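This is final-v2.txt (compact mmCIF, C-alpha atoms).
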# COMPACT_ATOMS: atom_id res chain seq x y z
CA MET A 101 -1.19 -7.42 30.27
CA LYS A 102 -0.29 -5.24 27.35
CA LEU A 103 -1.02 -7.06 24.08
CA VAL A 104 -0.53 -6.18 20.42
CA ILE A 105 -2.47 -7.93 17.67
CA VAL A 106 -1.56 -7.59 13.98
CA GLY A 107 -4.48 -8.21 11.63
CA CYS A 108 -8.05 -7.24 12.40
CA GLY A 109 -9.83 -9.96 10.46
CA ARG A 110 -12.42 -12.27 11.99
CA VAL A 111 -9.97 -14.04 14.27
CA GLY A 112 -7.93 -10.97 15.16
CA ALA A 113 -11.00 -8.89 15.97
CA MET A 114 -12.62 -11.63 18.04
CA ALA A 115 -9.44 -12.24 20.03
CA ALA A 116 -8.97 -8.49 20.56
CA VAL A 117 -12.51 -7.98 21.86
CA ALA A 118 -12.33 -11.00 24.18
CA LEU A 119 -8.94 -10.01 25.59
CA SER A 120 -9.97 -6.42 26.17
CA LYS A 121 -13.13 -7.65 27.89
CA ASP A 122 -10.86 -9.70 30.17
CA GLY A 123 -9.26 -6.44 31.22
CA HIS A 124 -6.10 -6.51 29.11
CA GLN A 125 -4.72 -3.46 27.38
CA VAL A 126 -5.08 -4.36 23.67
CA THR A 127 -3.79 -2.57 20.57
CA VAL A 128 -4.82 -3.81 17.10
CA ILE A 129 -2.90 -3.05 13.90
CA ASP A 130 -4.39 -3.29 10.40
CA ILE A 131 -3.62 -1.71 7.02
CA ASN A 132 -7.30 -1.29 6.24
CA ARG A 133 -9.26 1.22 8.34
CA ARG A 134 -12.56 -0.52 7.65
CA ALA A 135 -11.26 -3.71 9.26
CA PHE A 136 -11.61 -1.98 12.64
CA ASP A 137 -15.41 -2.01 12.16
CA ARG A 138 -15.26 -5.68 13.15
CA LEU A 139 -14.28 -4.69 16.69
CA GLY A 140 -17.73 -3.34 17.43
CA PRO A 141 -18.73 -0.88 20.14
CA ASP A 142 -17.57 -3.01 23.09
CA PHE A 143 -13.89 -2.80 22.26
CA ASN A 144 -12.07 -0.31 24.44
CA GLY A 145 -8.53 -0.88 23.26
CA GLU A 146 -6.53 1.06 20.69
CA MET A 147 -6.33 0.87 16.90
CA VAL A 148 -3.27 1.66 14.81
CA LEU A 149 -3.53 2.02 11.06
CA GLY A 150 -0.46 0.66 9.29
CA ASN A 151 1.65 -2.25 8.14
CA GLY A 152 2.49 -4.78 10.87
CA ILE A 153 5.95 -5.46 9.46
CA ASP A 154 6.94 -1.80 9.70
CA GLU A 155 9.06 -1.11 12.79
CA ASP A 156 7.72 2.43 13.16
CA VAL A 157 4.12 1.20 13.11
CA LEU A 158 4.97 -1.47 15.68
CA ARG A 159 6.58 1.12 17.94
CA GLN A 160 3.52 3.32 17.61
CA ALA A 161 1.44 0.34 18.76
CA GLY A 162 3.61 0.07 21.86
CA ILE A 163 5.53 -3.09 21.00
CA GLU A 164 8.50 -1.98 23.10
CA THR A 165 6.54 -2.53 26.30
CA ALA A 166 4.21 -5.32 25.13
CA ASP A 167 3.88 -8.56 27.10
CA GLY A 168 2.30 -10.46 24.21
CA PHE A 169 2.11 -10.23 20.42
CA ALA A 170 -0.11 -12.16 17.99
CA CYS A 171 0.23 -12.18 14.17
CA LEU A 172 -3.12 -12.88 12.55
CA THR A 173 -3.07 -11.31 9.08
CA ASN A 174 -4.10 -13.45 6.13
CA GLY A 175 -0.53 -13.64 4.81
CA ASP A 176 1.69 -16.37 6.22
CA ASN A 177 4.88 -14.53 5.33
CA ARG A 178 3.69 -11.27 6.80
CA ASN A 179 2.86 -13.10 10.02
CA ILE A 180 6.22 -14.87 10.04
CA MET A 181 8.13 -11.64 9.49
CA ALA A 182 6.15 -9.64 12.06
CA ALA A 183 6.61 -12.42 14.61
CA GLN A 184 10.36 -12.52 14.12
CA ILE A 185 10.61 -8.74 14.42
CA ALA A 186 8.66 -8.92 17.69
CA ARG A 187 10.80 -11.74 19.03
CA GLU A 188 14.29 -10.92 17.82
CA ILE A 189 14.26 -7.11 17.61
CA PHE A 190 11.82 -6.08 20.34
CA LYS A 191 12.21 -9.15 22.59
CA VAL A 192 8.49 -9.47 23.29
CA PRO A 193 8.19 -12.33 25.83
CA ARG A 194 5.25 -14.12 24.21
CA VAL A 195 4.70 -14.20 20.44
CA ILE A 196 2.04 -16.26 18.66
CA THR A 197 1.94 -16.67 14.86
CA ARG A 198 -0.77 -18.08 12.65
CA ILE A 199 0.60 -19.99 9.63
CA TYR A 200 -1.82 -21.62 7.18
CA ASP A 201 0.80 -23.63 5.28
CA PRO A 202 1.62 -26.75 7.37
CA MET A 203 5.09 -27.11 5.85
CA ARG A 204 6.05 -23.54 6.66
CA GLN A 205 4.59 -24.04 10.13
CA ASP A 206 6.95 -26.98 10.53
CA VAL A 207 9.99 -24.94 9.58
CA TYR A 208 9.21 -22.01 11.84
CA THR A 209 8.16 -24.12 14.80
CA GLU A 210 11.59 -25.73 14.48
CA LEU A 211 13.08 -22.24 14.52
CA GLY A 212 11.35 -21.54 17.80
CA LEU A 213 8.18 -19.64 16.89
CA ASP A 214 4.95 -20.48 18.72
CA THR A 215 2.59 -21.25 15.86
CA VAL A 216 -1.05 -22.06 15.22
CA CYS A 217 -1.99 -23.84 11.98
CA PRO A 218 -5.76 -23.69 11.31
CA THR A 219 -5.33 -25.90 8.23
CA LEU A 220 -4.01 -28.80 10.29
CA SER A 221 -6.40 -28.38 13.21
CA GLY A 222 -9.37 -27.94 10.84
CA ALA A 223 -8.47 -31.00 8.78
CA ARG A 224 -8.00 -33.07 11.91
CA GLN A 225 -11.34 -32.00 13.32
CA ILE A 226 -13.17 -32.78 10.08
CA HIS A 227 -11.43 -36.12 9.86
CA THR A 228 -12.57 -37.04 13.36
CA MET A 229 -16.14 -35.84 12.79
CA LEU A 230 -16.50 -37.73 9.50
CA LYS A 231 -15.28 -40.94 11.06
CA GLY A 232 -18.16 -40.48 13.52
CA MET B 279 36.06 -27.80 -16.16
CA SER B 280 34.23 -27.17 -12.94
CA GLN B 281 30.44 -26.94 -12.81
CA PRO B 282 29.03 -23.46 -13.36
CA MET B 283 27.54 -21.81 -10.30
CA TYR B 284 23.85 -22.50 -9.86
CA VAL B 285 21.80 -19.40 -9.00
CA ILE B 286 18.07 -19.40 -8.21
CA VAL B 287 16.33 -16.05 -8.67
CA ILE B 288 12.94 -15.61 -6.99
CA GLY B 289 10.62 -12.98 -8.50
CA GLY B 290 10.36 -12.30 -12.23
CA GLY B 291 9.77 -8.55 -12.19
CA LYS B 292 12.18 -6.14 -13.86
CA VAL B 293 14.95 -6.75 -11.35
CA GLY B 294 14.59 -10.54 -11.55
CA TYR B 295 14.47 -10.47 -15.33
CA TYR B 296 17.60 -8.37 -15.88
CA LEU B 297 19.47 -10.20 -13.15
CA SER B 298 18.70 -13.60 -14.70
CA LYS B 299 19.61 -12.37 -18.17
CA HIS B 300 23.01 -11.06 -17.09
CA LEU B 301 23.77 -14.10 -14.96
CA GLN B 302 23.06 -16.29 -17.98
CA ASP B 303 25.30 -14.13 -20.17
CA ARG B 304 28.09 -14.61 -17.69
CA GLY B 305 27.79 -18.37 -17.87
CA TYR B 306 25.90 -19.18 -14.69
CA GLU B 307 23.20 -21.81 -14.50
CA VAL B 308 20.02 -19.92 -13.63
CA THR B 309 16.48 -20.83 -12.60
CA LEU B 310 13.99 -17.98 -12.32
CA ILE B 311 10.91 -18.52 -10.16
CA GLU B 312 7.78 -16.54 -10.99
CA LYS B 313 4.31 -16.84 -9.45
CA ASP B 314 2.25 -15.48 -12.34
CA PRO B 315 1.96 -18.04 -15.20
CA ARG B 316 1.38 -15.36 -17.84
CA ARG B 317 4.43 -13.38 -16.80
CA ALA B 318 6.41 -16.64 -16.69
CA GLU B 319 5.44 -17.42 -20.28
CA VAL B 320 6.76 -14.07 -21.45
CA LEU B 321 9.98 -14.52 -19.46
CA ASN B 322 10.48 -18.02 -20.83
CA SER B 323 10.14 -16.84 -24.39
CA VAL B 324 12.87 -14.23 -23.96
CA LEU B 325 15.22 -16.02 -21.59
CA GLY B 326 14.95 -19.59 -22.92
CA GLU B 327 13.29 -22.22 -20.78
CA ILE B 328 14.71 -21.27 -17.37
CA VAL B 329 11.52 -20.09 -15.68
CA MET B 330 9.54 -22.23 -13.24
CA VAL B 331 6.02 -21.21 -12.26
CA GLY B 332 5.38 -21.40 -8.55
CA ASP B 333 5.43 -19.74 -5.16
CA GLY B 334 8.94 -19.02 -3.89
CA ASP B 335 7.73 -19.62 -0.34
CA GLU B 336 5.98 -22.94 -0.90
CA MET B 337 8.23 -25.67 0.46
CA ALA B 338 6.84 -28.44 -1.74
CA PHE B 339 7.44 -26.37 -4.85
CA LEU B 340 10.92 -25.24 -3.85
CA ALA B 341 11.96 -28.87 -3.46
CA THR B 342 11.34 -29.32 -7.21
CA THR B 343 13.72 -26.51 -8.19
CA GLY B 344 16.90 -28.29 -7.17
CA MET B 345 17.43 -25.73 -4.46
CA GLU B 346 19.56 -28.10 -2.38
CA ARG B 347 22.34 -27.82 -4.97
CA ALA B 348 22.05 -24.03 -5.46
CA ASP B 349 25.13 -21.94 -4.65
CA VAL B 350 23.17 -18.72 -4.31
CA VAL B 351 19.48 -17.86 -3.86
CA VAL B 352 18.46 -14.28 -4.68
CA ALA B 353 14.97 -13.08 -3.67
CA VAL B 354 13.91 -9.94 -5.54
CA THR B 355 10.12 -9.75 -5.33
CA GLY B 356 8.47 -6.46 -4.44
CA ASP B 357 7.42 -7.74 -1.00
CA ASP B 358 9.91 -7.77 1.84
CA GLU B 359 8.10 -10.49 3.78
CA ASP B 360 8.22 -12.84 0.77
CA ASN B 361 11.92 -12.18 0.20
CA LEU B 362 12.72 -12.78 3.86
CA VAL B 363 10.86 -16.08 4.07
CA ALA B 364 12.31 -17.31 0.74
CA CYS B 365 15.86 -16.66 2.00
CA GLN B 366 15.20 -18.25 5.37
CA LEU B 367 13.73 -21.40 3.79
CA ALA B 368 16.68 -21.58 1.36
CA LYS B 369 19.16 -21.32 4.18
CA ARG B 370 17.53 -23.46 6.85
CA LYS B 371 15.81 -26.14 4.81
CA PHE B 372 18.00 -26.43 1.74
CA ASN B 373 21.37 -25.43 3.22
CA VAL B 374 22.03 -22.86 0.51
CA PRO B 375 25.42 -21.27 1.31
CA LYS B 376 24.55 -17.72 0.27
CA THR B 377 21.23 -15.86 0.31
CA VAL B 378 20.67 -12.39 -1.08
CA ALA B 379 17.50 -10.33 -0.65
CA ARG B 380 16.18 -7.17 -2.19
CA VAL B 381 14.75 -4.99 0.56
CA ASN B 382 12.07 -2.44 -0.24
CA ASN B 383 11.82 -0.68 3.11
CA PRO B 384 15.38 0.49 3.99
CA ALA B 385 14.65 -0.04 7.69
CA ASN B 386 14.39 -3.76 6.98
CA VAL B 387 18.06 -4.10 5.98
CA ARG B 388 19.12 -4.42 9.60
CA ILE B 389 16.21 -6.75 10.39
CA PHE B 390 17.05 -9.08 7.49
CA LYS B 391 20.65 -9.33 8.64
CA THR B 392 19.57 -10.07 12.20
CA LEU B 393 17.27 -12.77 10.89
CA GLY B 394 20.00 -14.58 8.98
CA VAL B 395 19.94 -13.26 5.40
CA ASP B 396 23.54 -13.01 4.16
CA VAL B 397 23.15 -9.93 1.97
CA ALA B 398 20.21 -7.49 2.21
CA LEU B 399 20.20 -4.68 -0.31
CA SER B 400 17.88 -1.70 -0.50
CA ALA B 401 18.01 0.37 -3.69
CA THR B 402 16.41 3.23 -1.78
CA GLU B 403 19.17 3.15 0.80
CA VAL B 404 21.90 3.02 -1.84
CA LEU B 405 20.37 6.04 -3.59
CA LEU B 406 20.02 7.91 -0.31
CA ASP B 407 23.67 7.31 0.52
CA LEU B 408 24.75 8.44 -2.94
CA ILE B 409 22.74 11.64 -2.72
CA GLU B 410 24.06 12.39 0.74
CA SER B 411 27.69 11.82 -0.18
CA GLU B 412 27.20 13.90 -3.33
CA LEU B 413 25.80 16.74 -1.22
CA ALA B 414 28.58 16.39 1.31
CA SER B 415 31.29 16.61 -1.32
CA LYS B 416 29.60 19.62 -2.92
CA GLU B 417 29.47 21.36 0.43
CA ALA B 418 33.11 20.58 1.04
CA ALA B 419 34.01 21.92 -2.41
CA GLY B 420 31.93 25.04 -1.77
CA ARG B 421 33.72 25.63 1.52
CA SER B 422 37.18 25.31 0.03
CA ALA B 423 36.24 27.57 -2.91
CA THR B 424 35.15 30.40 -0.62
CA LYS B 425 38.37 30.24 1.37
CA PRO B 426 40.50 33.32 0.84

Rewrite the structure of this file - the entire thing - as structure tokens.
Amino acid sequence: MKLVIVGCGRVGAMAAVALSKDGHQVTVIDINRRAFDRLGPDFNGEMVLGNGIDEDVLRQAGIETADGFACLTNGDNRNIMAAQIAREIFKVPRVITRIYDPMRQDVYTELGLDTVCPTLSGARQIHTMLKG
Amino acid sequence: MSQPMYVIVIGGGKVGYYLSKHLQDRGYEVTLIEKDPRRAEVLNSVLGEIVMVGDGDEMAFLATTGMERADVVVAVTGDDEDNLVACQLAKRKFNVPKTVARVNNPANVRIFKTLGVDVALSATEVLLDLIESELASKEAAGRSATKP
């Protein structure tokens, strides 16, 4: 599959490396060139320097033919906007968005985005572990 | 007399400041939302207590601004993603009838409209159009002047 990931932080880089190891064609977008250092030597996908909410940058990353798109920057709104561009403008079949704010996650899940909320899943896990 | 229109302005930069000031002068009820407490203090001292400190994209905070009774929400921060999300939350969660966004990247005007923002305005695009029509009319004038 052809996959585009926006945000090369810890999660983005780890997902990119794992997916490319699985044989997928992965392109990672980040506004900071040094973020690509996280990918390490094993990554054999592509890197695009730029803003993930910029249509031209997304095109350069091959969004028009992508099968999947994940938004993993550290800004909820940037992720939400990039995800909607991917879904509504470029009609990417599978779009995943990370949203830290549980209330915003609620709103955009209602609007049809596939979302992951690390705040909720983290809190739940800690809750369970503390209860023993 | 009917109630004055209630306008919520998000982003207290230069655009947000002048917009709020002129809306007030014209008799509208205005709330200006600004993230930075220090900037908000300055704005409050010049505009009279209409500024609320908070994040225009934080649902819990927005609920305290009386957004559900707003007639118009205008998002004019310097970040397109923040303006988009503020307008979408206003529309979908608070049923605000009209949302207006400032757009920094002209290419986002079309995207904002597709994603449900009522009015998306890019100063860059307006300036570009003005310059182009100015050039076009000059060229036309030049052509007619050289005609025998």

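Between Gly145 of chain A and the candidates A:Lys102, A:Ala166, A:Asn179, A:Arg159, the tightest atom-to-atom separation, counting only C-alpha atoms, involves A:Lys102.
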
Quiz item: Skipping near chain neighbours, those fewer than 2 positions away, what residues fall within 8 Å of Glu146 of chain A using only C-alpha atoms, listed as number ranges by chain?
Solution: A: 126-128, 144, 148

Quick one: residues within 8 Å of Thr355 of chain B, all atoms listed in the file, excluding same-chain residues fewer than 2 positions away - as a PDB file with C-alpha atoms, keeping the file's coordinate frame?
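Dumped to result-v8.pdb:
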ATOM      1  CA  ILE B 288      12.940 -15.610  -6.990  1.00  0.00           C
ATOM      2  CA  GLY B 289      10.620 -12.980  -8.500  1.00  0.00           C
ATOM      3  CA  GLY B 290      10.360 -12.300 -12.230  1.00  0.00           C
ATOM      4  CA  GLY B 291       9.770  -8.550 -12.190  1.00  0.00           C
ATOM      5  CA  GLY B 294      14.590 -10.540 -11.550  1.00  0.00           C
ATOM      6  CA  ALA B 353      14.970 -13.080  -3.670  1.00  0.00           C
ATOM      7  CA  ASP B 357       7.420  -7.740  -1.000  1.00  0.00           C
ATOM      8  CA  ASP B 358       9.910  -7.770   1.840  1.00  0.00           C
ATOM      9  CA  ASP B 360       8.220 -12.840   0.770  1.00  0.00           C
ATOM     10  CA  ASN B 361      11.920 -12.180   0.200  1.00  0.00           C
ATOM     11  CA  ARG B 380      16.180  -7.170  -2.190  1.00  0.00           C
TER      12      ARG B 380
END

Self-check item: Interface residues on chain A facing chain B, 9 Å, only C-alpha atoms, written as a ChimeraX atom specification
Solution: /A:153-155,177-182,184-185,188-189,201,203-204,207,211

Exercise. Would you kindly return, as a list in words, each protein, DNA or RNA residue with an atom no farther than 9 Å from any atom of segment 214-220 of chain A, considering only C-alpha atoms and excluding same-chain residues fewer than 4 positions away?
Key: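 These residues fall inside the cut-off: Arg194, Val195, Ile196, Thr197, Arg198, Ile199, Tyr200, Asp201, Pro202, Gln205, Asp206, Tyr208, Thr209, Arg224 and Gln225 of chain A.
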
Practice problem: Excluding segment 295-302 of chain B and any residue of its chain fewer than 4 positions from it, enumerate the residues within 12 Å of it, using all atoms listed in the file, and give them as number ranges by chain. | Solution: B: 282-291, 306-312, 317-318, 320-329, 350-355, 380

Could you dump the residues just selected with C-alpha atoms as a PDB file, keeping the file's coordinate frame?
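For reference, result-v8.pdb as written:
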ATOM      1  CA  PRO B 282      29.030 -23.460 -13.360  1.00  0.00           C
ATOM      2  CA  MET B 283      27.540 -21.810 -10.300  1.00  0.00           C
ATOM      3  CA  TYR B 284      23.850 -22.500  -9.860  1.00  0.00           C
ATOM      4  CA  VAL B 285      21.800 -19.400  -9.000  1.00  0.00           C
ATOM      5  CA  ILE B 286      18.070 -19.400  -8.210  1.00  0.00           C
ATOM      6  CA  VAL B 287      16.330 -16.050  -8.670  1.00  0.00           C
ATOM      7  CA  ILE B 288      12.940 -15.610  -6.990  1.00  0.00           C
ATOM      8  CA  GLY B 289      10.620 -12.980  -8.500  1.00  0.00           C
ATOM      9  CA  GLY B 290      10.360 -12.300 -12.230  1.00  0.00           C
ATOM     10  CA  GLY B 291       9.770  -8.550 -12.190  1.00  0.00           C
ATOM     11  CA  TYR B 306      25.900 -19.180 -14.690  1.00  0.00           C
ATOM     12  CA  GLU B 307      23.200 -21.810 -14.500  1.00  0.00           C
ATOM     13  CA  VAL B 308      20.020 -19.920 -13.630  1.00  0.00           C
ATOM     14  CA  THR B 309      16.480 -20.830 -12.600  1.00  0.00           C
ATOM     15  CA  LEU B 310      13.990 -17.980 -12.320  1.00  0.00           C
ATOM     16  CA  ILE B 311      10.910 -18.520 -10.160  1.00  0.00           C
ATOM     17  CA  GLU B 312       7.780 -16.540 -10.990  1.00  0.00           C
ATOM     18  CA  ARG B 317       4.430 -13.380 -16.800  1.00  0.00           C
ATOM     19  CA  ALA B 318       6.410 -16.640 -16.690  1.00  0.00           C
ATOM     20  CA  VAL B 320       6.760 -14.070 -21.450  1.00  0.00           C
ATOM     21  CA  LEU B 321       9.980 -14.520 -19.460  1.00  0.00           C
ATOM     22  CA  ASN B 322      10.480 -18.020 -20.830  1.00  0.00           C
ATOM     23  CA  SER B 323      10.140 -16.840 -24.390  1.00  0.00           C
ATOM     24  CA  VAL B 324      12.870 -14.230 -23.960  1.00  0.00           C
ATOM     25  CA  LEU B 325      15.220 -16.020 -21.590  1.00  0.00           C
ATOM     26  CA  GLY B 326      14.950 -19.590 -22.920  1.00  0.00           C
ATOM     27  CA  GLU B 327      13.290 -22.220 -20.780  1.00  0.00           C
ATOM     28  CA  ILE B 328      14.710 -21.270 -17.370  1.00  0.00           C
ATOM     29  CA  VAL B 329      11.520 -20.090 -15.680  1.00  0.00           C
ATOM     30  CA  VAL B 350      23.170 -18.720  -4.310  1.00  0.00           C
ATOM     31  CA  VAL B 351      19.480 -17.860  -3.860  1.00  0.00           C
ATOM     32  CA  VAL B 352      18.460 -14.280  -4.680  1.00  0.00           C
ATOM     33  CA  ALA B 353      14.970 -13.080  -3.670  1.00  0.00           C
ATOM     34  CA  VAL B 354      13.910  -9.940  -5.540  1.00  0.00           C
ATOM     35  CA  THR B 355      10.120  -9.750  -5.330  1.00  0.00           C
ATOM     36  CA  ARG B 380      16.180  -7.170  -2.190  1.00  0.00           C
TER      37      ARG B 380
END

Practice problem: Report the distance between atom CA of Lys391 of chain B and atom CA of Leu340 of chain B in Å, rounded to one decimal place. | Solution: 22.4 Å

Practice problem: Find the distance between atom CA of Cys171 of chain A and atom CA of Ala118 of chain A and write it in Å to one decimal. | Solution: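 Those two atoms sit 16.1 Å apart.
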
Kindly list the centre and edge lengths in Å, rounded to one decimal, for the axis-aligned box that covers all listed atoms of segment 285-293 of chain B plus 6 Å on each of its six sides, as AutoDock Vina command-line options.
--center_x 15.8 --center_y -12.8 --center_z -10.4 --size_x 24.0 --size_y 25.3 --size_z 18.9

Self-check item: Counting only C-alpha atoms, the option among B:Val293, B:Asp396, B:Gln281, B:Glu403 closest to Arg347 of chain B
Solution: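 Smallest distance to Arg347 of chain B is found for B:Gln281.
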
Quiz item: What does the distance between atom CA of Pro384 of chain B and atom CA of Phe169 of chain A come to in Å, to one decimal place?
Solution: 23.7 Å

Kindly output segment 198-224 of chain A as a PDB file, in the coordinates of the input, after building N, CA and C atoms.
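The result, written out as rebuild-v1.pdb:
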ATOM      1  N   ARG A 198       0.065 -17.164  13.420  1.00  0.00           N
ATOM      2  CA  ARG A 198      -0.770 -18.080  12.650  1.00  0.00           C
ATOM      3  C   ARG A 198      -0.112 -18.343  11.298  1.00  0.00           C
ATOM      4  N   ILE A 199       0.040 -19.614  10.936  1.00  0.00           N
ATOM      5  CA  ILE A 199       0.600 -19.990   9.630  1.00  0.00           C
ATOM      6  C   ILE A 199      -0.333 -21.024   8.995  1.00  0.00           C
ATOM      7  N   TYR A 200      -0.889 -20.693   7.840  1.00  0.00           N
ATOM      8  CA  TYR A 200      -1.820 -21.620   7.180  1.00  0.00           C
ATOM      9  C   TYR A 200      -1.103 -22.810   6.545  1.00  0.00           C
ATOM     10  N   ASP A 201       0.076 -22.562   5.977  1.00  0.00           N
ATOM     11  CA  ASP A 201       0.800 -23.630   5.280  1.00  0.00           C
ATOM     12  C   ASP A 201       1.497 -24.560   6.281  1.00  0.00           C
ATOM     13  N   PRO A 202       1.061 -25.831   6.369  1.00  0.00           N
ATOM     14  CA  PRO A 202       1.620 -26.750   7.370  1.00  0.00           C
ATOM     15  C   PRO A 202       3.135 -26.935   7.248  1.00  0.00           C
ATOM     16  N   MET A 203       3.651 -26.899   6.002  1.00  0.00           N
ATOM     17  CA  MET A 203       5.090 -27.110   5.850  1.00  0.00           C
ATOM     18  C   MET A 203       5.889 -25.920   6.378  1.00  0.00           C
ATOM     19  N   ARG A 204       5.360 -24.716   6.132  1.00  0.00           N
ATOM     20  CA  ARG A 204       6.050 -23.540   6.660  1.00  0.00           C
ATOM     21  C   ARG A 204       5.912 -23.510   8.189  1.00  0.00           C
ATOM     22  N   GLN A 205       4.766 -23.984   8.678  1.00  0.00           N
ATOM     23  CA  GLN A 205       4.590 -24.040  10.130  1.00  0.00           C
ATOM     24  C   GLN A 205       5.674 -24.921  10.747  1.00  0.00           C
ATOM     25  N   ASP A 206       5.915 -26.049  10.095  1.00  0.00           N
ATOM     26  CA  ASP A 206       6.950 -26.980  10.530  1.00  0.00           C
ATOM     27  C   ASP A 206       8.303 -26.302  10.674  1.00  0.00           C
ATOM     28  N   VAL A 207       8.678 -25.591   9.616  1.00  0.00           N
ATOM     29  CA  VAL A 207       9.990 -24.940   9.580  1.00  0.00           C
ATOM     30  C   VAL A 207      10.115 -23.930  10.719  1.00  0.00           C
ATOM     31  N   TYR A 208       9.079 -23.096  10.881  1.00  0.00           N
ATOM     32  CA  TYR A 208       9.210 -22.010  11.840  1.00  0.00           C
ATOM     33  C   TYR A 208       8.974 -22.457  13.283  1.00  0.00           C
ATOM     34  N   THR A 209       8.265 -23.563  13.458  1.00  0.00           N
ATOM     35  CA  THR A 209       8.160 -24.120  14.800  1.00  0.00           C
ATOM     36  C   THR A 209       9.544 -24.620  15.210  1.00  0.00           C
ATOM     37  N   GLU A 210      10.220 -25.258  14.251  1.00  0.00           N
ATOM     38  CA  GLU A 210      11.590 -25.730  14.480  1.00  0.00           C
ATOM     39  C   GLU A 210      12.512 -24.564  14.862  1.00  0.00           C
ATOM     40  N   LEU A 211      12.252 -23.415  14.248  1.00  0.00           N
ATOM     41  CA  LEU A 211      13.080 -22.240  14.520  1.00  0.00           C
ATOM     42  C   LEU A 211      12.678 -21.536  15.811  1.00  0.00           C
ATOM     43  N   GLY A 212      11.668 -22.068  16.481  1.00  0.00           N
ATOM     44  CA  GLY A 212      11.350 -21.540  17.800  1.00  0.00           C
ATOM     45  C   GLY A 212      10.134 -20.633  17.892  1.00  0.00           C
ATOM     46  N   LEU A 213       9.394 -20.457  16.794  1.00  0.00           N
ATOM     47  CA  LEU A 213       8.180 -19.640  16.890  1.00  0.00           C
ATOM     48  C   LEU A 213       7.044 -20.478  17.483  1.00  0.00           C
ATOM     49  N   ASP A 214       6.168 -19.816  18.254  1.00  0.00           N
ATOM     50  CA  ASP A 214       4.950 -20.480  18.720  1.00  0.00           C
ATOM     51  C   ASP A 214       3.894 -20.289  17.653  1.00  0.00           C
ATOM     52  N   THR A 215       3.460 -21.376  17.028  1.00  0.00           N
ATOM     53  CA  THR A 215       2.590 -21.250  15.860  1.00  0.00           C
ATOM     54  C   THR A 215       1.248 -21.948  16.025  1.00  0.00           C
ATOM     55  N   VAL A 216       0.264 -21.418  15.290  1.00  0.00           N
ATOM     56  CA  VAL A 216      -1.050 -22.060  15.220  1.00  0.00           C
ATOM     57  C   VAL A 216      -1.315 -22.305  13.741  1.00  0.00           C
ATOM     58  N   CYS A 217      -1.709 -23.530  13.375  1.00  0.00           N
ATOM     59  CA  CYS A 217      -1.990 -23.840  11.980  1.00  0.00           C
ATOM     60  C   CYS A 217      -3.442 -24.292  11.832  1.00  0.00           C
ATOM     61  N   PRO A 218      -4.341 -23.358  11.418  1.00  0.00           N
ATOM     62  CA  PRO A 218      -5.760 -23.690  11.310  1.00  0.00           C
ATOM     63  C   PRO A 218      -6.029 -24.769  10.251  1.00  0.00           C
ATOM     64  N   THR A 219      -5.150 -24.878   9.264  1.00  0.00           N
ATOM     65  CA  THR A 219      -5.330 -25.900   8.230  1.00  0.00           C
ATOM     66  C   THR A 219      -5.238 -27.290   8.856  1.00  0.00           C
ATOM     67  N   LEU A 220      -4.199 -27.492   9.649  1.00  0.00           N
ATOM     68  CA  LEU A 220      -4.010 -28.800  10.290  1.00  0.00           C
ATOM     69  C   LEU A 220      -5.110 -29.099  11.291  1.00  0.00           C
ATOM     70  N   SER A 221      -5.406 -28.105  12.165  1.00  0.00           N
ATOM     71  CA  SER A 221      -6.400 -28.380  13.210  1.00  0.00           C
ATOM     72  C   SER A 221      -7.779 -28.562  12.584  1.00  0.00           C
ATOM     73  N   GLY A 222      -8.088 -27.789  11.526  1.00  0.00           N
ATOM     74  CA  GLY A 222      -9.370 -27.940  10.840  1.00  0.00           C
ATOM     75  C   GLY A 222      -9.490 -29.310  10.180  1.00  0.00           C
ATOM     76  N   ALA A 223      -8.442 -29.704   9.467  1.00  0.00           N
ATOM     77  CA  ALA A 223      -8.470 -31.000   8.780  1.00  0.00           C
ATOM     78  C   ALA A 223      -8.620 -32.139   9.779  1.00  0.00           C
ATOM     79  N   ARG A 224      -7.915 -32.023  10.885  1.00  0.00           N
ATOM     80  CA  ARG A 224      -8.000 -33.070  11.910  1.00  0.00           C
ATOM     81  C   ARG A 224      -9.405 -33.183  12.479  1.00  0.00           C
TER      82      ARG A 224
END
